[in-house]
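Colleague: Pasting model33.cif below, which is mmCIF, C-alpha atoms and all ligand atoms.
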data_input
#
loop_
_atom_site.label_atom_id
_atom_site.label_comp_id
_atom_site.auth_asym_id
_atom_site.auth_seq_id
_atom_site.Cartn_x
_atom_site.Cartn_y
_atom_site.Cartn_z
CA MET Y 1 61.78 -28.35 -50.65
CA LEU Y 2 60.56 -26.29 -53.62
CA LEU Y 3 57.54 -27.80 -55.34
CA GLU Y 4 56.73 -27.07 -58.96
CA TYR Y 5 53.46 -25.26 -59.64
CA GLY Y 6 52.23 -28.22 -61.68
CA ALA Y 7 52.70 -30.55 -58.75
CA TRP Y 8 50.70 -28.20 -56.56
CA ARG Y 9 47.84 -28.04 -59.10
CA ALA Y 10 47.63 -31.80 -59.44
CA ASP Y 11 47.01 -32.25 -55.70
CA ARG Y 12 44.51 -29.45 -55.38
CA PRO Y 13 40.85 -30.48 -54.91
CA VAL Y 14 39.05 -28.47 -57.60
CA GLY Y 15 35.40 -28.33 -58.62
CA ARG Y 16 33.96 -30.41 -55.81
CA ARG Y 17 33.20 -30.04 -52.13
CA ALA Y 18 36.02 -30.93 -49.81
CA ARG Y 19 35.83 -34.45 -48.44
CA ALA Y 20 36.16 -35.38 -44.79
CA GLY Y 21 39.73 -34.73 -43.69
CA GLU Y 22 40.26 -31.85 -46.12
CA THR Y 23 39.65 -28.24 -45.23
CA GLN Y 24 37.09 -25.80 -46.54
CA ARG Y 25 36.36 -22.16 -45.94
CA SER Y 26 33.84 -21.15 -43.34
CA GLY Y 27 31.77 -18.00 -43.71
CA CYS Y 28 34.23 -15.99 -41.63
CA HIS Y 29 37.19 -16.90 -43.86
CA LYS Y 30 38.87 -19.21 -41.43
CA ALA Y 31 39.87 -22.71 -42.39
CA ALA Y 32 37.46 -25.14 -40.77
CA SER Y 33 37.45 -28.90 -40.83
CA VAL Y 34 34.35 -30.54 -42.20
CA ALA Y 35 32.06 -31.75 -39.47
CA GLY Y 36 32.96 -35.43 -39.61
CA SER Y 37 36.70 -34.99 -39.30
CA ALA Y 38 36.26 -32.29 -36.65
CA ARG Y 39 34.56 -34.86 -34.43
CA VAL Y 40 37.40 -37.32 -34.95
CA SER Y 41 40.07 -34.68 -34.20
CA HIS Y 42 38.19 -33.47 -31.17
CA GLN Y 43 38.12 -36.96 -29.72
CA ARG Y 44 41.82 -37.48 -30.39
CA PHE Y 45 42.86 -34.22 -28.73
CA ASP Y 46 40.46 -34.33 -25.80
CA PRO Y 47 42.76 -34.53 -22.76
CA GLY Y 48 39.82 -35.12 -20.42
CA PRO Y 49 38.56 -33.03 -17.51
CA LEU Y 50 40.98 -31.11 -15.33
CA PRO Y 51 41.78 -32.58 -11.93
CA ALA Y 52 40.31 -30.80 -8.90
CA LEU Y 53 42.60 -28.32 -7.17
CA ARG Y 54 44.10 -29.39 -3.85
CA SER Y 55 43.82 -27.43 -0.63
CA SER Y 56 47.17 -26.87 1.08
CA TYR Y 57 45.36 -26.58 4.42
CA GLU Y 58 43.77 -29.98 4.00
CA ARG Y 59 47.14 -31.42 2.99
CA ARG Y 60 49.07 -29.70 5.78
CA PRO Y 61 51.90 -31.87 7.10
CA ARG Y 62 51.95 -33.43 10.58
CA ARG Y 63 54.16 -30.60 11.79
CA PHE Y 64 51.21 -28.24 11.31
CA ALA Y 65 48.36 -30.60 12.19
CA HIS Y 66 47.35 -28.46 15.20
CA ILE Y 67 47.08 -25.27 13.12
CA ASP Y 68 43.53 -24.05 12.46
CA ALA Y 69 42.31 -22.73 9.11
CA GLN Y 70 42.37 -19.10 10.21
CA THR Y 71 46.00 -19.28 11.31
CA TRP Y 72 46.94 -21.17 8.13
CA GLY Y 73 45.28 -18.37 6.16
CA SER Y 74 47.44 -15.67 7.78
CA TRP Y 75 50.33 -14.60 5.57
CA HIS Y 76 52.23 -13.31 8.60
CA TRP Y 77 52.00 -16.75 10.22
CA GLN Y 78 53.03 -18.43 6.98
CA HIS Y 79 56.02 -16.12 6.68
CA GLN Y 80 57.12 -16.57 10.28
CA ASN Y 81 56.86 -20.34 10.08
CA ARG Y 82 58.85 -20.90 6.93
CA LEU Y 83 60.94 -24.06 6.78
CA ARG Y 84 64.63 -23.27 6.49
CA ARG Y 85 66.68 -26.13 7.89
CA PRO Y 86 66.72 -29.91 7.25
CA GLU Y 87 65.20 -30.61 10.67
CA HIS Y 88 62.21 -28.41 9.79
CA PHE Y 89 61.37 -30.83 6.99
CA GLU Y 90 61.65 -33.96 9.12
CA ASP Y 91 57.97 -34.38 9.82
CA VAL Y 92 56.98 -32.88 6.48
CA LEU Y 93 58.67 -35.16 3.96
CA GLU Y 94 61.32 -37.83 3.57
CA LEU Y 95 64.53 -36.00 2.59
CA SER Y 96 66.63 -38.09 0.21
CA ALA Y 97 70.35 -38.55 0.88
CA GLU Y 98 71.11 -36.25 -2.08
CA GLU Y 99 68.79 -33.55 -0.81
CA ARG Y 100 70.45 -33.71 2.61
CA VAL Y 101 73.91 -33.18 1.12
CA ALA Y 102 72.66 -30.40 -1.14
CA PHE Y 103 70.94 -28.76 1.83
CA VAL Y 104 74.18 -28.47 3.75
CA LYS Y 105 76.33 -27.31 0.85
CA SER Y 106 74.13 -25.17 -1.36
CA ALA Y 107 72.15 -23.46 1.35
CA GLN Y 108 75.29 -21.42 2.05
CA ARG Y 109 75.21 -20.09 -1.51
CA PHE Y 110 71.48 -19.47 -1.74
CA ARG Y 111 69.27 -19.54 1.32
CA VAL Y 112 66.44 -22.01 1.76
CA ALA Y 113 62.96 -20.88 2.74
CA VAL Y 114 59.69 -22.68 2.07
CA THR Y 115 56.30 -21.54 3.32
CA PRO Y 116 54.13 -24.16 5.07
CA HIS Y 117 51.65 -23.65 2.22
CA TYR Y 118 54.22 -24.54 -0.46
CA ALA Y 119 55.61 -27.42 1.62
CA ALA Y 120 52.11 -28.90 1.83
CA LEU Y 121 52.00 -29.14 -1.97
CA MET Y 122 55.18 -31.24 -2.10
CA ALA Y 123 55.03 -35.02 -2.50
CA PRO Y 124 56.40 -36.30 0.85
CA ASP Y 125 58.05 -39.40 -0.59
CA ASP Y 126 58.98 -38.41 -4.14
CA PRO Y 127 62.12 -36.28 -4.70
CA SER Y 128 61.18 -35.91 -8.38
CA CYS Y 129 58.02 -33.95 -7.42
CA GLY Y 130 57.89 -30.74 -9.47
CA VAL Y 131 57.08 -28.55 -6.46
CA ARG Y 132 59.77 -30.12 -4.31
CA GLN Y 133 62.50 -29.65 -6.92
CA GLN Y 134 61.78 -25.94 -7.03
CA GLY Y 135 61.85 -25.45 -3.27
CA LEU Y 136 64.51 -27.84 -1.95
CA PRO Y 137 68.24 -27.57 -2.75
CA GLN Y 138 69.42 -29.93 -5.46
CA PRO Y 139 72.89 -31.43 -5.99
CA GLY Y 140 73.00 -29.77 -9.44
CA GLU Y 141 73.26 -26.36 -7.77
CA LEU Y 142 76.78 -27.25 -6.69
CA GLN Y 143 78.03 -27.68 -10.24
CA SER Y 144 79.45 -24.75 -12.13
CA PHE Y 145 80.34 -24.30 -15.77
CA GLU Y 146 82.46 -21.75 -17.58
CA PHE Y 147 79.61 -20.45 -19.72
CA GLU Y 148 77.42 -19.58 -16.73
CA LEU Y 149 77.00 -15.94 -15.79
CA GLU Y 150 76.46 -14.29 -12.43
CA ASP Y 151 74.17 -11.67 -13.95
CA PRO Y 152 72.93 -13.39 -17.12
CA LEU Y 153 70.71 -10.52 -18.28
CA ALA Y 154 73.26 -7.79 -17.48
CA GLU Y 155 70.71 -6.09 -15.25
CA GLU Y 156 73.38 -4.48 -13.09
CA ALA Y 157 75.15 -3.05 -16.14
CA HIS Y 158 72.07 -1.04 -17.12
CA MET Y 159 71.45 0.59 -13.74
CA PRO Y 160 71.31 4.38 -13.90
CA VAL Y 161 70.55 4.46 -10.15
CA PRO Y 162 70.62 1.58 -7.63
CA GLY Y 163 67.51 -0.57 -7.90
CA ILE Y 164 66.52 0.48 -11.44
CA THR Y 165 67.36 -1.38 -14.64
CA HIS Y 166 66.66 0.79 -17.67
CA ARG Y 167 67.57 -1.02 -20.86
CA TYR Y 168 64.78 -0.17 -23.30
CA PRO Y 169 63.67 3.46 -23.59
CA ASP Y 170 60.07 2.85 -22.49
CA ARG Y 171 60.49 0.07 -19.90
CA VAL Y 172 61.96 0.20 -16.42
CA LEU Y 173 62.58 -2.61 -13.95
CA PHE Y 174 62.16 -1.35 -10.40
CA TYR Y 175 63.55 -3.66 -7.66
CA VAL Y 176 61.80 -2.91 -4.41
CA SER Y 177 62.71 -5.98 -2.35
CA HIS Y 178 65.25 -8.78 -2.46
CA HIS Y 179 63.22 -11.14 -0.32
CA CYS Y 180 60.76 -13.83 -1.31
CA PRO Y 181 58.51 -16.20 0.66
CA VAL Y 182 60.15 -19.19 -1.06
CA TYR Y 183 63.64 -19.08 -2.56
CA CYS Y 184 63.20 -20.84 -5.89
CA ARG Y 185 66.16 -23.01 -6.72
CA HIS Y 186 66.01 -21.88 -10.36
CA CYS Y 187 66.09 -18.15 -9.55
CA THR Y 188 67.93 -16.10 -12.14
CA ARG Y 189 68.69 -13.36 -9.60
CA LYS Y 190 70.42 -15.63 -7.10
CA ARG Y 191 73.27 -13.14 -7.03
CA LYS Y 192 71.26 -10.80 -4.84
CA VAL Y 193 67.90 -12.34 -3.96
CA SER Y 194 67.83 -13.67 -0.38
CA ASP Y 195 70.96 -11.68 0.50
CA PRO Y 196 69.98 -9.31 3.33
CA THR Y 197 72.98 -7.07 2.61
CA THR Y 198 71.58 -6.12 -0.81
CA ALA Y 199 68.01 -5.31 0.25
CA ALA Y 200 66.43 -2.19 -1.19
CA ALA Y 201 66.27 0.43 1.55
CA ARG Y 202 63.61 3.13 1.82
CA ASP Y 203 66.06 5.72 0.41
CA GLN Y 204 66.78 3.56 -2.60
CA ILE Y 205 63.08 3.18 -3.37
CA ALA Y 206 62.61 6.94 -3.12
CA GLN Y 207 65.56 7.40 -5.48
CA GLY Y 208 64.02 4.92 -7.93
CA LEU Y 209 60.70 6.76 -7.92
CA GLU Y 210 62.54 10.02 -8.46
CA TYR Y 211 64.40 8.56 -11.44
CA ILE Y 212 61.13 7.38 -13.04
CA ARG Y 213 59.52 10.76 -12.35
CA ASN Y 214 62.40 12.52 -14.11
CA THR Y 215 62.50 10.15 -17.09
CA PRO Y 216 59.57 10.90 -19.41
CA THR Y 217 60.31 7.89 -21.64
CA ALA Y 218 59.73 5.49 -18.70
CA ARG Y 219 56.15 4.61 -19.57
CA ASP Y 220 56.04 0.97 -18.52
CA VAL Y 221 57.29 0.12 -15.02
CA VAL Y 222 57.78 -3.45 -13.81
CA VAL Y 223 57.77 -3.50 -10.01
CA SER Y 224 59.92 -6.49 -9.21
CA GLY Y 225 62.45 -7.94 -6.79
CA GLY Y 226 62.79 -10.50 -5.16
CA ASP Y 227 59.11 -10.33 -4.59
CA PRO Y 228 57.47 -6.91 -4.09
CA LEU Y 229 54.68 -8.47 -2.03
CA THR Y 230 57.14 -9.18 0.78
CA LEU Y 231 56.77 -5.45 1.54
CA SER Y 232 54.03 -4.27 3.87
CA ASP Y 233 50.82 -2.93 2.39
CA GLU Y 234 51.89 0.50 3.52
CA ARG Y 235 55.24 0.45 1.67
CA LEU Y 236 53.78 -1.16 -1.42
CA GLY Y 237 50.90 1.32 -1.41
CA GLU Y 238 53.37 4.23 -1.32
CA ILE Y 239 55.24 2.83 -4.31
CA LEU Y 240 52.18 2.04 -6.40
CA ARG Y 241 50.44 5.32 -5.64
CA GLY Y 242 53.71 7.13 -6.34
CA LEU Y 243 53.92 5.49 -9.75
CA ARG Y 244 50.27 6.13 -10.58
CA ALA Y 245 50.76 9.80 -9.79
CA ILE Y 246 53.44 10.10 -12.50
CA GLU Y 247 51.65 11.25 -15.60
CA HIS Y 248 53.90 9.57 -18.15
CA VAL Y 249 53.69 6.13 -16.49
CA GLU Y 250 51.13 4.34 -18.62
CA VAL Y 251 51.61 0.75 -17.50
CA ILE Y 252 52.30 -0.64 -14.02
CA ARG Y 253 53.32 -4.28 -13.80
CA LEU Y 254 53.84 -6.28 -10.64
CA GLY Y 255 56.05 -9.36 -10.82
CA THR Y 256 55.13 -11.67 -7.96
CA ARG Y 257 55.23 -15.36 -7.15
CA ASN Y 258 53.08 -14.90 -4.05
CA PRO Y 259 49.95 -16.34 -5.72
CA VAL Y 260 52.01 -19.56 -6.01
CA THR Y 261 54.07 -19.72 -2.85
CA LEU Y 262 52.10 -17.57 -0.41
CA PRO Y 263 48.60 -16.96 -1.78
CA GLN Y 264 47.47 -15.93 1.71
CA ARG Y 265 49.32 -12.65 1.03
CA ILE Y 266 46.50 -11.60 -1.32
CA THR Y 267 44.27 -9.97 1.27
CA PRO Y 268 41.26 -7.65 0.94
CA GLU Y 269 43.48 -4.79 2.20
CA LEU Y 270 46.10 -5.40 -0.50
CA CYS Y 271 43.38 -5.69 -3.13
CA GLU Y 272 41.98 -2.34 -2.04
CA ILE Y 273 45.34 -0.72 -2.88
CA LEU Y 274 45.53 -2.52 -6.22
CA ARG Y 275 41.98 -1.45 -7.04
CA GLU Y 276 42.85 2.15 -6.23
CA VAL Y 277 45.73 2.22 -8.75
CA ARG Y 278 44.17 -0.13 -11.32
CA PRO Y 279 44.85 -1.49 -13.79
CA VAL Y 280 47.89 -3.34 -12.51
CA TYR Y 281 49.27 -6.09 -14.72
CA VAL Y 282 50.19 -8.90 -12.34
CA HIS Y 283 52.77 -11.28 -13.75
CA THR Y 284 52.94 -14.40 -11.71
CA HIS Y 285 55.06 -17.51 -12.06
CA PHE Y 286 53.40 -20.92 -11.90
CA ASN Y 287 55.64 -23.64 -13.33
CA HIS Y 288 53.74 -26.83 -12.58
CA PRO Y 289 50.05 -27.76 -12.24
CA ASP Y 290 50.72 -29.13 -8.73
CA GLU Y 291 51.50 -25.56 -7.64
CA LEU Y 292 47.92 -24.56 -8.29
CA SER Y 293 45.88 -24.92 -5.13
CA GLN Y 294 42.47 -23.86 -3.90
CA GLU Y 295 44.27 -21.10 -2.01
CA SER Y 296 45.95 -19.91 -5.25
CA ALA Y 297 42.63 -19.98 -7.09
CA ARG Y 298 41.10 -17.78 -4.41
CA ALA Y 299 44.04 -15.36 -4.59
CA LEU Y 300 43.83 -15.08 -8.38
CA GLY Y 301 40.08 -14.49 -8.13
CA MET Y 302 40.63 -11.66 -5.65
CA LEU Y 303 43.23 -10.05 -7.92
CA LEU Y 304 40.80 -10.24 -10.83
CA ASP Y 305 38.09 -8.65 -8.70
CA ALA Y 306 40.54 -5.84 -7.90
CA GLY Y 307 40.82 -5.05 -11.60
CA CYS Y 308 44.22 -6.67 -12.15
CA VAL Y 309 45.14 -8.23 -15.48
CA LEU Y 310 46.77 -11.60 -14.85
CA GLY Y 311 49.53 -13.27 -16.85
CA ASN Y 312 51.82 -16.19 -16.11
CA GLN Y 313 55.53 -16.39 -16.83
CA MET Y 314 56.54 -20.02 -16.70
CA VAL Y 315 60.19 -21.04 -16.76
CA LEU Y 316 60.95 -24.26 -18.57
CA LEU Y 317 62.69 -26.59 -16.10
CA ARG Y 318 64.15 -30.00 -16.83
CA GLY Y 319 62.42 -32.74 -14.87
CA VAL Y 320 59.75 -30.32 -13.64
CA ASN Y 321 57.68 -29.12 -16.58
CA ASP Y 322 59.48 -30.25 -19.74
CA ARG Y 323 56.66 -32.55 -20.88
CA PRO Y 324 54.02 -31.09 -23.22
CA GLU Y 325 51.20 -32.65 -21.17
CA THR Y 326 52.42 -30.88 -18.02
CA VAL Y 327 52.44 -27.47 -19.71
CA MET Y 328 49.09 -28.19 -21.31
CA GLU Y 329 47.46 -28.99 -17.96
CA LEU Y 330 49.06 -25.99 -16.29
CA ASN Y 331 47.85 -23.63 -19.01
CA ARG Y 332 44.33 -25.04 -19.01
CA GLN Y 333 44.10 -24.59 -15.26
CA LEU Y 334 45.46 -21.04 -15.50
CA LEU Y 335 43.00 -20.06 -18.21
CA ARG Y 336 40.16 -21.49 -16.14
CA LEU Y 337 41.26 -19.20 -13.31
CA GLY Y 338 41.51 -16.09 -15.51
CA CYS Y 339 45.31 -16.01 -15.76
CA ARG Y 340 46.68 -16.03 -19.27
CA PRO Y 341 49.85 -18.02 -20.02
CA TYR Y 342 52.09 -15.22 -21.25
CA TYR Y 343 55.67 -16.45 -21.48
CA MET Y 344 57.36 -19.81 -21.46
CA LEU Y 345 60.94 -18.76 -20.73
CA GLN Y 346 64.03 -20.72 -21.58
CA CYS Y 347 66.07 -21.12 -18.39
CA ASP Y 348 68.75 -18.38 -18.30
CA MET Y 349 72.50 -18.98 -18.22
CA ALA Y 350 72.63 -18.10 -14.52
CA GLN Y 351 75.06 -19.84 -12.19
CA GLY Y 352 73.95 -22.97 -10.38
CA ILE Y 353 70.84 -23.68 -12.43
CA SER Y 354 72.26 -25.58 -15.40
CA HIS Y 355 70.75 -28.84 -14.15
CA PHE Y 356 67.35 -27.28 -14.84
CA ARG Y 357 68.13 -26.15 -18.40
CA THR Y 358 66.44 -27.96 -21.29
CA PRO Y 359 67.59 -28.03 -24.93
CA LEU Y 360 65.86 -25.37 -27.04
CA THR Y 361 64.23 -28.16 -29.04
CA THR Y 362 62.28 -29.21 -25.94
CA GLY Y 363 60.53 -25.84 -25.82
CA LEU Y 364 59.83 -25.94 -29.55
CA LYS Y 365 58.30 -29.40 -29.24
CA ILE Y 366 56.06 -28.20 -26.42
CA MET Y 367 54.95 -25.24 -28.54
CA ALA Y 368 54.19 -27.52 -31.48
CA HIS Y 369 52.15 -29.75 -29.17
CA LEU Y 370 50.14 -26.89 -27.68
CA ARG Y 371 49.25 -25.32 -31.01
CA GLY Y 372 46.02 -26.90 -32.18
CA ARG Y 373 45.35 -28.71 -28.90
CA ILE Y 374 44.47 -25.66 -26.83
CA GLY Y 375 42.97 -22.31 -27.87
CA GLY Y 376 45.45 -19.57 -28.80
CA MET Y 377 45.05 -17.88 -25.41
CA GLY Y 378 46.62 -20.95 -23.81
CA VAL Y 379 49.71 -20.81 -26.02
CA PRO Y 380 52.45 -18.67 -24.45
CA HIS Y 381 55.35 -16.97 -26.21
CA PHE Y 382 58.40 -19.21 -26.00
CA VAL Y 383 61.27 -16.80 -25.43
CA VAL Y 384 64.97 -16.75 -24.77
CA ASP Y 385 66.15 -13.75 -22.79
CA LEU Y 386 69.50 -13.21 -24.45
CA PRO Y 387 72.58 -13.00 -22.24
CA GLY Y 388 74.31 -9.67 -21.85
CA GLY Y 389 71.09 -7.68 -22.08
CA GLY Y 390 70.27 -8.64 -25.67
CA GLY Y 391 66.57 -8.75 -24.80
CA LYS Y 392 63.94 -11.38 -25.48
CA VAL Y 393 63.63 -13.23 -28.76
CA GLU Y 394 60.71 -15.48 -29.54
CA LEU Y 395 61.16 -18.99 -30.88
CA VAL Y 396 58.39 -20.60 -32.90
CA PRO Y 397 58.19 -24.04 -34.48
CA ASP Y 398 58.68 -23.95 -38.24
CA HIS Y 399 55.45 -25.07 -39.90
CA ILE Y 400 56.51 -24.33 -43.48
CA VAL Y 401 57.51 -27.54 -45.24
CA GLY Y 402 57.59 -26.41 -48.87
CA THR Y 403 56.83 -23.70 -51.41
CA ALA Y 404 55.78 -23.66 -55.06
CA GLU Y 405 54.98 -21.04 -57.66
CA SER Y 406 51.42 -20.31 -58.81
CA PRO Y 407 49.96 -17.63 -61.13
CA TRP Y 408 48.99 -15.56 -58.07
CA GLY Y 409 52.08 -15.88 -55.90
CA GLN Y 410 53.82 -18.58 -53.90
CA VAL Y 411 51.94 -21.61 -52.66
CA VAL Y 412 53.24 -22.34 -49.20
CA THR Y 413 52.78 -25.81 -47.76
CA PHE Y 414 52.29 -25.90 -43.99
CA SER Y 415 52.34 -28.85 -41.66
CA ASN Y 416 49.85 -28.47 -38.79
CA SER Y 417 50.19 -29.76 -35.23
CA ASP Y 418 48.70 -33.05 -36.39
CA GLY Y 419 51.37 -33.49 -39.09
CA LYS Y 420 48.82 -32.91 -41.88
CA ARG Y 421 49.77 -30.69 -44.80
CA PHE Y 422 47.85 -27.68 -46.04
CA GLU Y 423 48.53 -25.27 -48.88
CA PHE Y 424 48.17 -21.53 -48.60
CA VAL Y 425 48.36 -19.17 -51.58
CA ASP Y 426 50.54 -16.27 -50.50
CA VAL Y 427 49.20 -13.84 -53.08
CA ASP Y 428 51.39 -11.29 -54.77
CA PRO Y 429 49.10 -8.20 -55.11
CA ALA Y 430 50.84 -7.13 -58.35
CA ARG Y 431 50.07 -10.47 -59.98
CA LEU Y 432 46.42 -10.29 -58.87
CA GLU Y 433 46.05 -6.86 -60.44
CA GLY Y 434 47.56 -8.15 -63.67
CA ASP Y 435 45.12 -11.07 -63.62
CA ALA Y 436 42.11 -8.79 -63.06
CA GLU Y 437 43.10 -6.53 -65.98
CA ARG Y 438 43.22 -9.50 -68.32
S1 LIG R 501 60.12 -15.62 -6.32
FE1 LIG R 501 61.22 -14.92 -8.15
S2 LIG R 501 62.86 -13.61 -7.37
FE2 LIG R 501 62.12 -14.85 -5.65
S3 LIG R 501 63.44 -16.64 -5.59
FE3 LIG R 501 61.64 -17.18 -6.81
S4 LIG R 501 62.26 -16.74 -8.93
FE4 LIG R 501 63.71 -15.66 -7.58
#
How does this structure look as structure tokens?
Ligand code: SF4

Modeller:
Amino acid sequence: MLLEYGAWRADRPVGRRARAGETQRSGCHKAASVAGSARVSHQRFDPGPLPALRSSYERRPRRFAHIDAQTWGSWHWQHQNRLRRPEHFEDVLELSAEERVAFVKSAQRFRVAVTPHYAALMAPDDPSCGVRQQGLPQPGELQSFEFELEDPLAEEAHMPVPGITHRYPDRVLFYVSHHCPVYCRHCTRKRKVSDPTTAAARDQIAQGLEYIRNTPTARDVVVSGGDPLTLSDERLGEILRGLRAIEHVEVIRLGTRNPVTLPQRITPELCEILREVRPVYVHTHFNHPDELSQESARALGMLLDAGCVLGNQMVLLRGVNDRPETVMELNRQLLRLGCRPYYMLQCDMAQGISHFRTPLTTGLKIMAHLRGRIGGMGVPHFVVDLPGGGGKVELVPDHIVGTAESPWGQVVTFSNSDGKRFEFVDVDPARLEGDAER
């Protein structure tokens, strides 16, 4: 809608102080609500205190009742005691009939593995639990659609050497493992993750390091997988030290879901390696507030102490985290723990995950809800990773609801997260100069 300049002028509060509910300029040139209305808004948006984090050890299922805290805290024990078959879950939770069927059929396509820690965070009698849906096979995995892609981001098509995706000049994806503590049902790399025949061998990792060493434009390396933290400290240390020794590598990123699914993996020994090669940007992947545990909080704290910079890459999943309140709580908890919500990713067009995909409008609504209700650091970038290797594009809610002409440039009318309208003079420098001369 294009407003006439006259209409804009008529609405504009001129020659008096702004009343409650209108905006005025603060000393630092930011729009600030007058005190009275700020109190009202604050009360309306206050979502209340955050719930306390749960301890997976204290919630451990009957199956693990005899396990002591020290054993529970061992990542080797957690790894060795992963739940893989329906009978493993029998004294952990009540499998629904649908989950049983999906277990038998879809586990052949994509393996099942759930750490005792992650299983303890699942609601035993609620199949709609956000943690459970990510760890247990779902009937939707059996459906397939023509538009789905085996390799939605064309990562294999941009591989100069096995285990390296090099699509942008400065960034390199370095796959060092195809294993993970938990096989997430929404995984975009289902085509190779969990498949032992595609695992990155020692030679392949050496070849990847060699490629990066010989490619001066490779300044930003994302160490990924699978999950790189499934490697031993020794192997991981070799890789990270190898990267740090390459002069042109400016940024080292580590993509890992271990703080979520196996936080016991974050040990003092691992942190010593990370501290040695700091800073390492750790990108983790919490999708639901119920995934945050006391054990995760401890792991994130240790990573921070080791000089890591923490960011979260959430994937938007239907029925799991597609409500604004869920994302809001997750992001508040993450910020409290020193982990910045970085991306909210639209679910890719990968095979067998369409039941998780939300309409794009869902993400936009969540973004509109977050803006204004949580500080900017809690608002992630909502992105679609385009199929075929098109890269990420960011989607933002449209807040412009109208424009009008003024003597100084366009007057743009914005609608804020509360639905209120505000006008902003988008000055045209040439017109200002003309005005000053007169
Ligand atoms: S941790 Fe990452 S790579 Fe592994 S299954 Fe989950 S989403 Fe896929």

Colleague: Would you mind reading off the distance between CA of Thr115 (chain Y) and CA of Arg132 (chain Y), one decimal, in Å?

Modeller: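 Between these atoms lies a distance of 12.0 Å.
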
Colleague: Give the residues close to ligand LIG 501 (chain R), within 6 Å, counting only C-alpha atoms and all ligand atoms; write them as number ranges by chain.

Modeller: Y: 180, 183-184, 187, 189, 225-227, 257

Colleague: Would you save the residues of that selection, restricted to C-alpha atoms, as a short mmCIF file (atom, residue, chain, number, x, y, z; two decimals), in the frame of the given file?

Modeller:
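Below is the file again_1.cif, written as the result:
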data_model
loop_
_atom_site.label_atom_id
_atom_site.label_comp_id
_atom_site.auth_asym_id
_atom_site.auth_seq_id
_atom_site.Cartn_x
_atom_site.Cartn_y
_atom_site.Cartn_z
CA CYS Y 180 60.76 -13.83 -1.31
CA TYR Y 183 63.64 -19.08 -2.56
CA CYS Y 184 63.20 -20.84 -5.89
CA CYS Y 187 66.09 -18.15 -9.55
CA ARG Y 189 68.69 -13.36 -9.60
CA GLY Y 225 62.45 -7.94 -6.79
CA GLY Y 226 62.79 -10.50 -5.16
CA ASP Y 227 59.11 -10.33 -4.59
CA ARG Y 257 55.23 -15.36 -7.15
#

Colleague: Near Glu146 (chain Y), counting only C-alpha atoms, which residues have an atom at most 12 Å away, once you skip same-chain residues fewer than 2 positions from it, shown as a list in words?

Modeller: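 What passes the distance filter is Gln143, Ser144, Glu148, Leu149, Glu150, Met349, Ala350, Gln351, Gly352 and Ser354 of chain Y.
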
Colleague: Of the candidates Y:Tyr342, Y:Phe286, Y:Phe89, Y:Phe424, which shows the shortest atom-to-atom distance to Glu329 (chain Y), using only C-alpha atoms?

Modeller: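 Looking at the shortest contact to Glu329 (chain Y), the residue is Y:Phe286.
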
Colleague: So the first atom is CA of Arg241 (chain Y) and the second is CA of Glu156 (chain Y); what is the distance between them in Å, to one decimal place?

Modeller: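 Distance reported for this atom pair: 26.0 Å.
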
Colleague: Between Y:Leu209, Y:Leu335, Y:Val131, Y:Val104, single out the one closest to Val161 (chain Y), counting all atoms listed in the file.

Modeller: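 Checking each candidate against Val161 (chain Y), we get Y:Leu209 as the closest.
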
Colleague: Tell me which protein, DNA and RNA residues are within 12 Å of His186 (chain Y), counting all atoms listed in the file, leaving out same-chain ones fewer than 5 positions away, and put them as an mmCIF file with C-alpha atoms, in the frame of the given file.

Modeller:
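Done, and the output landed in selection.cif:
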data_model
loop_
_atom_site.group_PDB
_atom_site.id
_atom_site.type_symbol
_atom_site.label_atom_id
_atom_site.label_comp_id
_atom_site.auth_asym_id
_atom_site.auth_seq_id
_atom_site.Cartn_x
_atom_site.Cartn_y
_atom_site.Cartn_z
ATOM 1 C CA PHE Y 110 71.480 -19.470 -1.740
ATOM 2 C CA VAL Y 131 57.080 -28.550 -6.460
ATOM 3 C CA ARG Y 132 59.770 -30.120 -4.310
ATOM 4 C CA GLN Y 133 62.500 -29.650 -6.920
ATOM 5 C CA GLN Y 134 61.780 -25.940 -7.030
ATOM 6 C CA GLY Y 135 61.850 -25.450 -3.270
ATOM 7 C CA LEU Y 136 64.510 -27.840 -1.950
ATOM 8 C CA PRO Y 137 68.240 -27.570 -2.750
ATOM 9 C CA GLN Y 138 69.420 -29.930 -5.460
ATOM 10 C CA GLY Y 140 73.000 -29.770 -9.440
ATOM 11 C CA GLU Y 141 73.260 -26.360 -7.770
ATOM 12 C CA ARG Y 191 73.270 -13.140 -7.030
ATOM 13 C CA VAL Y 193 67.900 -12.340 -3.960
ATOM 14 C CA HIS Y 285 55.060 -17.510 -12.060
ATOM 15 C CA ASN Y 287 55.640 -23.640 -13.330
ATOM 16 C CA MET Y 314 56.540 -20.020 -16.700
ATOM 17 C CA VAL Y 315 60.190 -21.040 -16.760
ATOM 18 C CA LEU Y 316 60.950 -24.260 -18.570
ATOM 19 C CA LEU Y 317 62.690 -26.590 -16.100
ATOM 20 C CA ARG Y 318 64.150 -30.000 -16.830
ATOM 21 C CA VAL Y 320 59.750 -30.320 -13.640
ATOM 22 C CA LEU Y 345 60.940 -18.760 -20.730
ATOM 23 C CA GLN Y 346 64.030 -20.720 -21.580
ATOM 24 C CA CYS Y 347 66.070 -21.120 -18.390
ATOM 25 C CA ASP Y 348 68.750 -18.380 -18.300
ATOM 26 C CA MET Y 349 72.500 -18.980 -18.220
ATOM 27 C CA ALA Y 350 72.630 -18.100 -14.520
ATOM 28 C CA GLN Y 351 75.060 -19.840 -12.190
ATOM 29 C CA GLY Y 352 73.950 -22.970 -10.380
ATOM 30 C CA ILE Y 353 70.840 -23.680 -12.430
ATOM 31 C CA SER Y 354 72.260 -25.580 -15.400
ATOM 32 C CA HIS Y 355 70.750 -28.840 -14.150
ATOM 33 C CA PHE Y 356 67.350 -27.280 -14.840
ATOM 34 C CA ARG Y 357 68.130 -26.150 -18.400
#
